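Working notes for the structure below.
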Amino acid sequence: MRRIVVVTAGLTVPSSTRLLADQVAEATVAQVTARGESADVEFVEVREVAGELATFMVTGGIPTPRLTELRELVAAADGLVVVTPVFNGSYSGLFKMFFDALDKDSLTGTPVLIAAAAGSARHSLVLDHALRPLFAYLRAVVVPTGVFAATEDFGSHGLSDRITRAAAELAALVVGRGDYGVGGFTPDLAARPRRTSGTQVEADVTPFGDLLRGHSGTD
């Protein structure tokens, strides 16, 4: 079972952003299934944790229990679909806040399909000028085909074709995840991308009391 996580940052219900996310998710499941695997899709509606993201930002990066859950969900995904509305030629602030709240290693090596919805085709460059650089910085593996949908694109064959092509590219990466070996040789486990949600402490931590031992509290 392959886990696909869809992060969608639409602000209204319903929204063109969620509509696009649903179409991409459906196409991705179909493409994974066509490759002999099953897929489970989980949606993250960023709008629902907007207040918690704001709290995270102003409390020095302390995640709420719900944000901790979402951080772990994203870090464990086999593939990620991200969909944002376009504001002033870029992704929305809410969309960016969510990815700012992830651990810096959460998306290392993760296959990602980028998508955006806008009211006008004038914003189509958002994929290559904003989204692709963001996920390259996060060391994700962004599929070659991005999906942009202006209002007039919904229901068109052109959009459907782009979604199918992008979903096929994502599915190929998702199904191939974990194949780090070359035919006939033992897989190189050290070559696997190291990912972490940032919510688990892996190293031993010195108790605060031990750190203060021997100090009187006066200079």
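Every chain in the structure tokens takes a letter, A first, then B, and so on in the order presented; its residues are numbered from 1, and the ligands are numbered from 1 following the presented order.
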
- Message: Need the shell around Phe135 (chain A): protein/DNA/RNA residues with any atom at most 10 Å away, counting only C-alpha atoms. Skip same-chain ones fewer than 6 positions apart. Format as a VMD selection string?
- Response: chain A and resid 99 107 to 108 110 to 114 141 to 142

Residues of the last selection are to be written out with N, CA, C and O atoms, as a JSON list (two decimals), in the first residue's frame.
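Output below, filename result03.json:
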```
[["chain", "number", "residue", "atom", "x", "y", "z"],
["A", 99, "PHE", "N", 4.50, 24.66, 5.03],
["A", 99, "PHE", "CA", 5.79, 24.05, 4.73],
["A", 99, "PHE", "C", 6.91, 24.64, 5.57],
["A", 99, "PHE", "O", 7.92, 23.98, 5.83],
["A", 107, "LEU", "N", 10.95, 16.36, 3.69],
["A", 107, "LEU", "CA", 10.64, 16.04, 2.30],
["A", 107, "LEU", "C", 11.85, 15.54, 1.52],
["A", 107, "LEU", "O", 11.77, 15.38, 0.30],
["A", 108, "THR", "N", 12.95, 15.26, 2.19],
["A", 108, "THR", "CA", 14.15, 14.81, 1.49],
["A", 108, "THR", "C", 13.86, 13.55, 0.67],
["A", 108, "THR", "O", 13.45, 12.52, 1.19],
["A", 110, "THR", "N", 11.45, 12.94, -1.32],
["A", 110, "THR", "CA", 10.03, 12.63, -1.51],
["A", 110, "THR", "C", 9.56, 13.07, -2.90],
["A", 110, "THR", "O", 9.75, 14.22, -3.28],
["A", 111, "PRO", "N", 8.92, 12.17, -3.66],
["A", 111, "PRO", "CA", 8.33, 12.59, -4.94],
["A", 111, "PRO", "C", 7.18, 13.56, -4.71],
["A", 111, "PRO", "O", 6.30, 13.30, -3.88],
["A", 112, "VAL", "N", 7.20, 14.68, -5.42],
["A", 112, "VAL", "CA", 6.18, 15.72, -5.23],
["A", 112, "VAL", "C", 5.63, 16.16, -6.57],
["A", 112, "VAL", "O", 6.37, 16.42, -7.51],
["A", 113, "LEU", "N", 4.31, 16.25, -6.65],
["A", 113, "LEU", "CA", 3.62, 16.81, -7.81],
["A", 113, "LEU", "C", 3.11, 18.18, -7.40],
["A", 113, "LEU", "O", 2.37, 18.30, -6.42],
["A", 114, "ILE", "N", 3.51, 19.22, -8.14],
["A", 114, "ILE", "CA", 3.10, 20.59, -7.81],
["A", 114, "ILE", "C", 1.93, 21.01, -8.69],
["A", 114, "ILE", "O", 1.89, 20.70, -9.87],
["A", 141, "VAL", "N", 11.82, 15.56, -4.68],
["A", 141, "VAL", "CA", 11.99, 15.21, -6.09],
["A", 141, "VAL", "C", 10.71, 15.64, -6.82],
["A", 141, "VAL", "O", 9.69, 14.97, -6.73],
["A", 142, "VAL", "N", 10.77, 16.76, -7.49],
["A", 142, "VAL", "CA", 9.59, 17.32, -8.14],
["A", 142, "VAL", "C", 9.43, 16.71, -9.53],
["A", 142, "VAL", "O", 10.38, 16.71, -10.33]]
```

Going by DSSP on the backbone, which bits of chain A are alpha helix (DSSP H)? Write them as a CSV table (one decimal) with N, CA, C and O atoms, in the first residue's frame, please.
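For reference, part05.csv as written:
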```csv
chain,number,residue,atom,x,y,z
A,16,SER,N,-11.8,26.0,-6.0
A,16,SER,CA,-11.2,25.5,-7.2
A,16,SER,C,-9.9,24.7,-6.9
A,16,SER,O,-9.5,23.8,-7.6
A,17,THR,N,-9.2,25.1,-5.8
A,17,THR,CA,-8.0,24.5,-5.4
A,17,THR,C,-8.3,23.0,-4.9
A,17,THR,O,-7.6,22.1,-5.3
A,18,ARG,N,-9.4,22.9,-4.1
A,18,ARG,CA,-9.7,21.5,-3.7
A,18,ARG,C,-10.2,20.7,-4.9
A,18,ARG,O,-9.9,19.5,-5.0
A,19,LEU,N,-10.9,21.3,-5.8
A,19,LEU,CA,-11.4,20.6,-7.0
A,19,LEU,C,-10.2,20.0,-7.8
A,19,LEU,O,-10.2,18.9,-8.2
A,20,LEU,N,-9.2,20.9,-8.0
A,20,LEU,CA,-8.0,20.4,-8.7
A,20,LEU,C,-7.3,19.3,-7.9
A,20,LEU,O,-6.8,18.3,-8.5
A,21,ALA,N,-7.2,19.5,-6.6
A,21,ALA,CA,-6.6,18.5,-5.8
A,21,ALA,C,-7.3,17.1,-5.9
A,21,ALA,O,-6.6,16.1,-6.0
A,22,ASP,N,-8.6,17.1,-5.9
A,22,ASP,CA,-9.4,15.9,-6.0
A,22,ASP,C,-9.1,15.2,-7.4
A,22,ASP,O,-8.9,14.0,-7.4
A,23,GLN,N,-9.0,16.0,-8.4
A,23,GLN,CA,-8.8,15.4,-9.7
A,23,GLN,C,-7.4,14.8,-9.8
A,23,GLN,O,-7.2,13.7,-10.4
A,24,VAL,N,-6.4,15.5,-9.3
A,24,VAL,CA,-5.0,15.0,-9.3
A,24,VAL,C,-4.9,13.8,-8.5
A,24,VAL,O,-4.2,12.8,-8.9
A,25,ALA,N,-5.5,13.8,-7.3
A,25,ALA,CA,-5.5,12.6,-6.4
A,25,ALA,C,-6.1,11.4,-7.1
A,25,ALA,O,-5.5,10.3,-7.0
A,26,GLU,N,-7.2,11.6,-7.7
A,26,GLU,CA,-7.9,10.4,-8.4
A,26,GLU,C,-7.0,9.9,-9.5
A,26,GLU,O,-6.9,8.7,-9.7
A,27,ALA,N,-6.4,10.8,-10.3
A,27,ALA,CA,-5.6,10.3,-11.4
A,27,ALA,C,-4.3,9.6,-10.9
A,27,ALA,O,-3.9,8.6,-11.5
A,28,THR,N,-3.8,10.1,-9.8
A,28,THR,CA,-2.6,9.4,-9.2
A,28,THR,C,-2.9,8.0,-8.7
A,28,THR,O,-2.1,7.1,-8.9
A,29,VAL,N,-4.0,7.9,-8.0
A,29,VAL,CA,-4.4,6.5,-7.6
A,29,VAL,C,-4.6,5.6,-8.8
A,29,VAL,O,-4.2,4.4,-8.7
A,30,ALA,N,-5.2,6.1,-9.8
A,30,ALA,CA,-5.4,5.3,-11.0
A,30,ALA,C,-4.1,4.8,-11.6
A,30,ALA,O,-3.9,3.7,-12.1
A,31,GLN,N,-3.1,5.8,-11.6
A,31,GLN,CA,-1.8,5.4,-12.2
A,31,GLN,C,-1.0,4.5,-11.3
A,31,GLN,O,-0.3,3.6,-11.8
A,32,VAL,N,-1.1,4.6,-10.0
A,32,VAL,CA,-0.4,3.7,-9.1
A,32,VAL,C,-1.0,2.3,-9.2
A,32,VAL,O,-0.3,1.3,-9.3
A,33,THR,N,-2.4,2.2,-9.3
A,33,THR,CA,-3.1,1.0,-9.5
A,33,THR,C,-2.7,0.3,-10.8
A,33,THR,O,-2.5,-0.9,-10.9
A,34,ALA,N,-2.5,1.1,-11.9
A,34,ALA,CA,-2.2,0.5,-13.2
A,34,ALA,C,-0.8,-0.1,-13.1
A,34,ALA,O,-0.4,-0.9,-14.0
A,50,ALA,N,-5.1,26.8,10.2
A,50,ALA,CA,-4.5,28.2,10.0
A,50,ALA,C,-4.2,28.8,11.4
A,50,ALA,O,-3.1,29.4,11.5
A,51,GLY,N,-5.1,28.7,12.3
A,51,GLY,CA,-4.8,29.3,13.6
A,51,GLY,C,-3.6,28.6,14.3
A,51,GLY,O,-2.8,29.3,15.0
A,52,GLU,N,-3.5,27.3,14.2
A,52,GLU,CA,-2.4,26.6,14.8
A,52,GLU,C,-1.1,26.9,14.1
A,52,GLU,O,0.0,26.9,14.8
A,53,LEU,N,-1.1,27.1,12.9
A,53,LEU,CA,0.1,27.5,12.2
A,53,LEU,C,0.6,28.9,12.7
A,53,LEU,O,1.8,29.1,12.9
A,54,ALA,N,-0.4,29.8,12.9
A,54,ALA,CA,0.0,31.1,13.4
A,54,ALA,C,0.6,31.0,14.8
A,54,ALA,O,1.6,31.7,15.1
A,55,THR,N,0.0,30.2,15.6
A,55,THR,CA,0.5,29.9,17.0
A,55,THR,C,1.9,29.4,16.9
A,55,THR,O,2.8,29.8,17.7
A,56,PHE,N,2.1,28.4,16.0
A,56,PHE,CA,3.5,27.8,15.8
A,56,PHE,C,4.5,28.9,15.5
A,56,PHE,O,5.6,28.9,16.0
A,57,MET,N,4.1,29.9,14.6
A,57,MET,CA,5.1,30.9,14.2
A,57,MET,C,5.4,31.9,15.3
A,57,MET,O,6.6,32.4,15.3
A,58,VAL,N,4.5,32.1,16.2
A,58,VAL,CA,4.8,33.2,17.2
A,58,VAL,C,5.2,32.6,18.6
A,58,VAL,O,5.3,33.3,19.5
A,65,PRO,N,-0.5,19.5,19.1
A,65,PRO,CA,-0.7,18.1,18.8
A,65,PRO,C,-1.2,17.8,17.3
A,65,PRO,O,-0.7,16.8,16.7
A,66,ARG,N,-2.1,18.6,16.8
A,66,ARG,CA,-2.6,18.4,15.5
A,66,ARG,C,-1.5,18.7,14.4
A,66,ARG,O,-1.3,17.9,13.5
A,67,LEU,N,-0.6,19.7,14.6
A,67,LEU,CA,0.5,20.0,13.7
A,67,LEU,C,1.5,18.9,13.8
A,67,LEU,O,2.1,18.5,12.8
A,68,THR,N,1.7,18.3,15.0
A,68,THR,CA,2.7,17.2,15.1
A,68,THR,C,2.2,16.0,14.3
A,68,THR,O,3.0,15.4,13.6
A,69,GLU,N,0.9,15.8,14.4
A,69,GLU,CA,0.3,14.7,13.6
A,69,GLU,C,0.5,14.9,12.1
A,69,GLU,O,0.8,13.9,11.4
A,70,LEU,N,0.3,16.1,11.7
A,70,LEU,CA,0.4,16.4,10.2
A,70,LEU,C,1.9,16.3,9.8
A,70,LEU,O,2.2,15.9,8.7
A,71,ARG,N,2.8,16.8,10.6
A,71,ARG,CA,4.2,16.7,10.3
A,71,ARG,C,4.6,15.2,10.1
A,71,ARG,O,5.4,14.9,9.2
A,72,GLU,N,4.1,14.4,11.0
A,72,GLU,CA,4.5,13.0,10.9
A,72,GLU,C,3.8,12.3,9.6
A,72,GLU,O,4.4,11.5,9.0
A,73,LEU,N,2.6,12.8,9.3
A,73,LEU,CA,1.9,12.2,8.2
A,73,LEU,C,2.7,12.6,6.9
A,73,LEU,O,2.9,11.7,6.0
A,74,VAL,N,3.1,13.8,6.7
A,74,VAL,CA,3.8,14.2,5.6
A,74,VAL,C,5.2,13.5,5.5
A,74,VAL,O,5.6,13.1,4.4
A,75,ALA,N,5.9,13.4,6.6
A,75,ALA,CA,7.2,12.8,6.6
A,75,ALA,C,7.2,11.3,6.2
A,75,ALA,O,8.1,10.8,5.7
A,93,GLY,N,0.2,32.7,1.3
A,93,GLY,CA,0.9,32.8,2.6
A,93,GLY,C,0.6,31.6,3.5
A,93,GLY,O,1.5,31.0,4.1
A,94,LEU,N,-0.6,31.1,3.5
A,94,LEU,CA,-1.0,30.0,4.3
A,94,LEU,C,-0.3,28.7,3.8
A,94,LEU,O,0.1,27.9,4.6
A,95,PHE,N,-0.2,28.5,2.5
A,95,PHE,CA,0.5,27.4,1.9
A,95,PHE,C,1.9,27.4,2.4
A,95,PHE,O,2.5,26.4,2.9
A,96,LYS,N,2.6,28.5,2.3
A,96,LYS,CA,4.0,28.6,2.7
A,96,LYS,C,4.2,28.4,4.2
A,96,LYS,O,5.1,27.8,4.6
A,97,MET,N,3.2,28.9,5.0
A,97,MET,CA,3.3,28.7,6.4
A,97,MET,C,3.4,27.2,6.8
A,97,MET,O,4.1,26.8,7.7
A,98,PHE,N,2.6,26.4,6.1
A,98,PHE,CA,2.5,25.0,6.4
A,98,PHE,C,3.9,24.3,6.1
A,98,PHE,O,4.4,23.6,7.0
A,99,PHE,N,4.5,24.7,5.0
A,99,PHE,CA,5.8,24.0,4.7
A,99,PHE,C,6.9,24.6,5.6
A,99,PHE,O,7.9,24.0,5.8
A,100,ASP,N,6.7,25.9,6.0
A,100,ASP,CA,7.7,26.4,7.0
A,100,ASP,C,7.6,25.7,8.3
A,100,ASP,O,8.6,25.7,9.1
A,126,VAL,N,3.7,30.5,-12.0
A,126,VAL,CA,3.9,30.3,-10.6
A,126,VAL,C,4.5,28.9,-10.3
A,126,VAL,O,5.3,28.7,-9.4
A,132,ARG,N,8.3,25.3,-7.8
A,132,ARG,CA,9.5,24.4,-8.1
A,132,ARG,C,10.7,24.7,-7.3
A,132,ARG,O,11.4,23.9,-6.7
A,133,PRO,N,11.1,26.0,-7.2
A,133,PRO,CA,12.3,26.4,-6.4
A,133,PRO,C,12.1,26.0,-4.9
A,133,PRO,O,13.0,25.6,-4.2
A,134,LEU,N,10.8,26.2,-4.4
A,134,LEU,CA,10.6,25.9,-3.0
A,134,LEU,C,10.9,24.5,-2.6
A,134,LEU,O,11.6,24.1,-1.7
A,135,PHE,N,10.3,23.6,-3.5
A,135,PHE,CA,10.5,22.1,-3.2
A,135,PHE,C,11.9,21.6,-3.6
A,135,PHE,O,12.3,20.6,-3.0
A,136,ALA,N,12.5,22.3,-4.5
A,136,ALA,CA,13.9,21.9,-4.7
A,136,ALA,C,14.8,22.3,-3.5
A,136,ALA,O,15.7,21.5,-3.1
A,137,TYR,N,14.5,23.4,-2.9
A,137,TYR,CA,15.2,23.8,-1.7
A,137,TYR,C,15.0,22.8,-0.6
A,137,TYR,O,15.9,22.5,0.2
A,157,HIS,N,-10.1,19.2,-22.1
A,157,HIS,CA,-9.2,18.1,-22.3
A,157,HIS,C,-7.7,18.4,-22.0
A,157,HIS,O,-7.0,17.5,-21.6
A,158,GLY,N,-7.3,19.6,-22.3
A,158,GLY,CA,-6.0,20.0,-22.0
A,158,GLY,C,-5.6,19.8,-20.5
A,158,GLY,O,-4.5,19.3,-20.2
A,159,LEU,N,-6.5,20.2,-19.6
A,159,LEU,CA,-6.2,20.1,-18.2
A,159,LEU,C,-6.2,18.6,-17.8
A,159,LEU,O,-5.3,18.1,-17.1
A,160,SER,N,-7.1,17.8,-18.3
A,160,SER,CA,-7.2,16.4,-18.1
A,160,SER,C,-5.9,15.7,-18.5
A,160,SER,O,-5.4,14.8,-17.8
A,161,ASP,N,-5.4,16.1,-19.7
A,161,ASP,CA,-4.2,15.5,-20.2
A,161,ASP,C,-3.0,15.8,-19.3
A,161,ASP,O,-2.1,14.9,-19.1
A,162,ARG,N,-2.9,17.0,-18.9
A,162,ARG,CA,-1.8,17.4,-18.0
A,162,ARG,C,-1.8,16.7,-16.7
A,162,ARG,O,-0.8,16.3,-16.2
A,163,ILE,N,-3.0,16.6,-16.1
A,163,ILE,CA,-3.2,15.8,-14.9
A,163,ILE,C,-2.7,14.4,-15.0
A,163,ILE,O,-2.0,13.8,-14.2
A,164,THR,N,-3.2,13.7,-16.1
A,164,THR,CA,-2.8,12.3,-16.3
A,164,THR,C,-1.3,12.2,-16.5
A,164,THR,O,-0.7,11.2,-15.9
A,165,ARG,N,-0.7,13.1,-17.2
A,165,ARG,CA,0.8,13.0,-17.4
A,165,ARG,C,1.5,13.2,-16.1
A,165,ARG,O,2.5,12.4,-15.8
A,166,ALA,N,1.1,14.2,-15.4
A,166,ALA,CA,1.8,14.5,-14.1
A,166,ALA,C,1.6,13.3,-13.1
A,166,ALA,O,2.5,12.9,-12.4
A,167,ALA,N,0.4,12.8,-13.1
A,167,ALA,CA,0.1,11.7,-12.2
A,167,ALA,C,0.9,10.4,-12.5
A,167,ALA,O,1.3,9.7,-11.6
A,168,ALA,N,1.1,10.2,-13.8
A,168,ALA,CA,1.9,9.1,-14.3
A,168,ALA,C,3.3,9.2,-13.8
A,168,ALA,O,4.0,8.2,-13.4
A,169,GLU,N,3.8,10.4,-13.9
A,169,GLU,CA,5.2,10.7,-13.5
A,169,GLU,C,5.4,10.4,-11.9
A,169,GLU,O,6.3,9.9,-11.5
A,170,LEU,N,4.4,10.9,-11.2
A,170,LEU,CA,4.4,10.7,-9.7
A,170,LEU,C,4.3,9.3,-9.4
A,170,LEU,O,5.0,8.8,-8.5
A,171,ALA,N,3.4,8.6,-10.0
A,171,ALA,CA,3.2,7.2,-9.7
A,171,ALA,C,4.4,6.3,-10.0
A,171,ALA,O,4.8,5.4,-9.2
A,172,ALA,N,5.1,6.7,-11.1
A,172,ALA,CA,6.3,5.9,-11.4
A,172,ALA,C,7.4,6.1,-10.3
A,172,ALA,O,8.1,5.1,-10.0
A,173,LEU,N,7.5,7.3,-9.7
A,173,LEU,CA,8.4,7.5,-8.7
A,173,LEU,C,8.0,6.9,-7.4
A,173,LEU,O,8.8,6.3,-6.6
A,174,VAL,N,6.7,6.9,-7.1
A,174,VAL,CA,6.2,6.3,-5.9
A,174,VAL,C,6.3,4.8,-5.8
A,174,VAL,O,6.8,4.2,-4.9
A,175,VAL,N,6.0,4.2,-6.9
A,175,VAL,CA,6.1,2.7,-7.0
A,175,VAL,C,7.6,2.3,-7.0
A,175,VAL,O,7.9,1.2,-6.4
A,208,PHE,N,18.0,18.7,32.4
A,208,PHE,CA,18.3,20.1,32.7
A,208,PHE,C,18.9,20.2,34.1
A,208,PHE,O,19.8,21.0,34.3
A,209,GLY,N,18.5,19.4,35.0
A,209,GLY,CA,19.1,19.4,36.3
A,209,GLY,C,20.6,19.1,36.3
A,209,GLY,O,21.4,19.7,37.1
A,210,ASP,N,21.0,18.1,35.4
A,210,ASP,CA,22.4,17.8,35.3
A,210,ASP,C,23.2,19.0,34.8
A,210,ASP,O,24.4,19.2,35.1
A,211,LEU,N,22.6,19.7,33.8
A,211,LEU,CA,23.3,20.8,33.3
A,211,LEU,C,23.5,21.9,34.3
A,211,LEU,O,24.6,22.6,34.2
A,212,LEU,N,22.6,22.0,35.3
A,212,LEU,CA,22.8,23.1,36.3
A,212,LEU,C,23.6,22.6,37.5
A,212,LEU,O,23.9,23.4,38.4
```

- Task: List the neighbours of Glu45 (chain A) out to 10 Å using only C-alpha atoms; skip same-chain residues closer than 6 positions along the sequence, and give me the result as an MDAnalysis selection string.
- Result: chainID A and resid 6:11 18 95

Let me see the file: selected residues, all heavy atoms, as a tab-separated table (two decimals), in the first residue's frame.
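Output file selection_6.tsv follows:
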```tsv
chain	number	residue	atom	x	y	z
A	6	VAL	N	-2.07	14.55	0.11
A	6	VAL	CA	-2.44	15.71	-0.71
A	6	VAL	C	-2.59	16.92	0.20
A	6	VAL	O	-3.45	16.93	1.08
A	6	VAL	CB	-3.75	15.46	-1.48
A	6	VAL	CG1	-4.08	16.66	-2.37
A	6	VAL	CG2	-3.64	14.20	-2.33
A	7	VAL	N	-1.74	17.91	0.00
A	7	VAL	CA	-1.81	19.15	0.78
A	7	VAL	C	-2.48	20.22	-0.08
A	7	VAL	O	-1.97	20.58	-1.14
A	7	VAL	CB	-0.41	19.63	1.21
A	7	VAL	CG1	-0.51	20.95	1.98
A	7	VAL	CG2	0.29	18.56	2.05
A	8	THR	N	-3.62	20.70	0.36
A	8	THR	CA	-4.37	21.67	-0.41
A	8	THR	C	-4.65	22.90	0.45
A	8	THR	O	-5.04	22.79	1.61
A	8	THR	CB	-5.69	21.07	-0.95
A	8	THR	OG1	-6.45	22.08	-1.60
A	8	THR	CG2	-6.51	20.43	0.13
A	9	ALA	N	-4.42	24.08	-0.13
A	9	ALA	CA	-4.48	25.33	0.65
A	9	ALA	C	-5.61	26.25	0.22
A	9	ALA	O	-5.51	27.47	0.34
A	9	ALA	CB	-3.14	26.06	0.57
A	10	GLY	N	-6.69	25.69	-0.28
A	10	GLY	CA	-7.85	26.51	-0.63
A	10	GLY	C	-8.44	27.17	0.59
A	10	GLY	O	-8.38	26.64	1.70
A	11	LEU	N	-9.06	28.34	0.40
A	11	LEU	CA	-9.57	29.11	1.53
A	11	LEU	C	-11.08	29.02	1.70
A	11	LEU	O	-11.61	29.46	2.72
A	11	LEU	CB	-9.16	30.58	1.38
A	11	LEU	CG	-7.65	30.85	1.38
A	11	LEU	CD1	-7.40	32.35	1.24
A	11	LEU	CD2	-7.00	30.31	2.64
A	18	ARG	N	-9.35	22.86	-4.15
A	18	ARG	CA	-9.71	21.50	-3.72
A	18	ARG	C	-10.22	20.67	-4.89
A	18	ARG	O	-9.95	19.47	-4.98
A	18	ARG	CB	-10.76	21.56	-2.61
A	18	ARG	CG	-11.23	20.19	-2.11
A	18	ARG	CD	-10.06	19.32	-1.63
A	18	ARG	NE	-10.46	17.95	-1.42
A	18	ARG	CZ	-10.67	17.41	-0.22
A	18	ARG	NH1	-10.55	18.13	0.88
A	18	ARG	NH2	-11.01	16.14	-0.11
A	95	PHE	N	-0.25	28.52	2.52
A	95	PHE	CA	0.47	27.38	1.94
A	95	PHE	C	1.92	27.38	2.40
A	95	PHE	O	2.45	26.36	2.86
A	95	PHE	CB	0.38	27.47	0.42
A	95	PHE	CG	1.09	26.38	-0.34
A	95	PHE	CD1	0.45	25.19	-0.64
A	95	PHE	CD2	2.39	26.56	-0.78
A	95	PHE	CE1	1.10	24.20	-1.36
A	95	PHE	CE2	3.05	25.57	-1.50
A	95	PHE	CZ	2.40	24.39	-1.79
```

- Message: Can you measure CA of Ala150 (chain A) to CA of His123 (chain A) for me? One decimal in Å is fine.
- Response: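 Atom-to-atom, CA of Ala150 (chain A) to CA of His123 (chain A), that is 8.3 Å.
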
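When only C-alpha atoms are used to compute distances to Ser124 (chain A), the closest of the residues A:Ile62, A:Val147, A:Val46, A:Val83 turns out to be A:Val147.
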
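Of the listed residues A:Val82, A:Ala76, A:Asn88, A:Val44, the one whose atoms come nearest to Asp105 (chain A) is A:Ala76, with distances taken using only C-alpha atoms.
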
- Message: So the first atom is CA of Ser120 (chain A) and the second is CA of Thr151 (chain A); what is the distance between them in Å, to one decimal place?
- Response: 6.6 Å

- DSSP strand (DSSP E) selection over region 12-203 of chain A, as a count of residues only: 32

- Long-range neighbours of Tyr91 (chain A) as a list in words, 8 Å cut-off, only C-alpha atoms, 3 positions minimum in chain: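 Those residues are Thr84, Pro85, Val86, Phe87, Phe95, Lys96, Ala116, Val126, Ala130 and Leu131 of chain A.
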
- Work out how far apart CA of Met1 (chain A) and CA of Ala140 (chain A) are and give it in Å to one decimal. 21.0 Å

- Pick from A:Gly176, A:Gly109, A:Ala115, A:Ala77: nearest to Pro144 (chain A), with only C-alpha atoms counted?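 Selected residue with least distance to Pro144 (chain A): A:Ala115.
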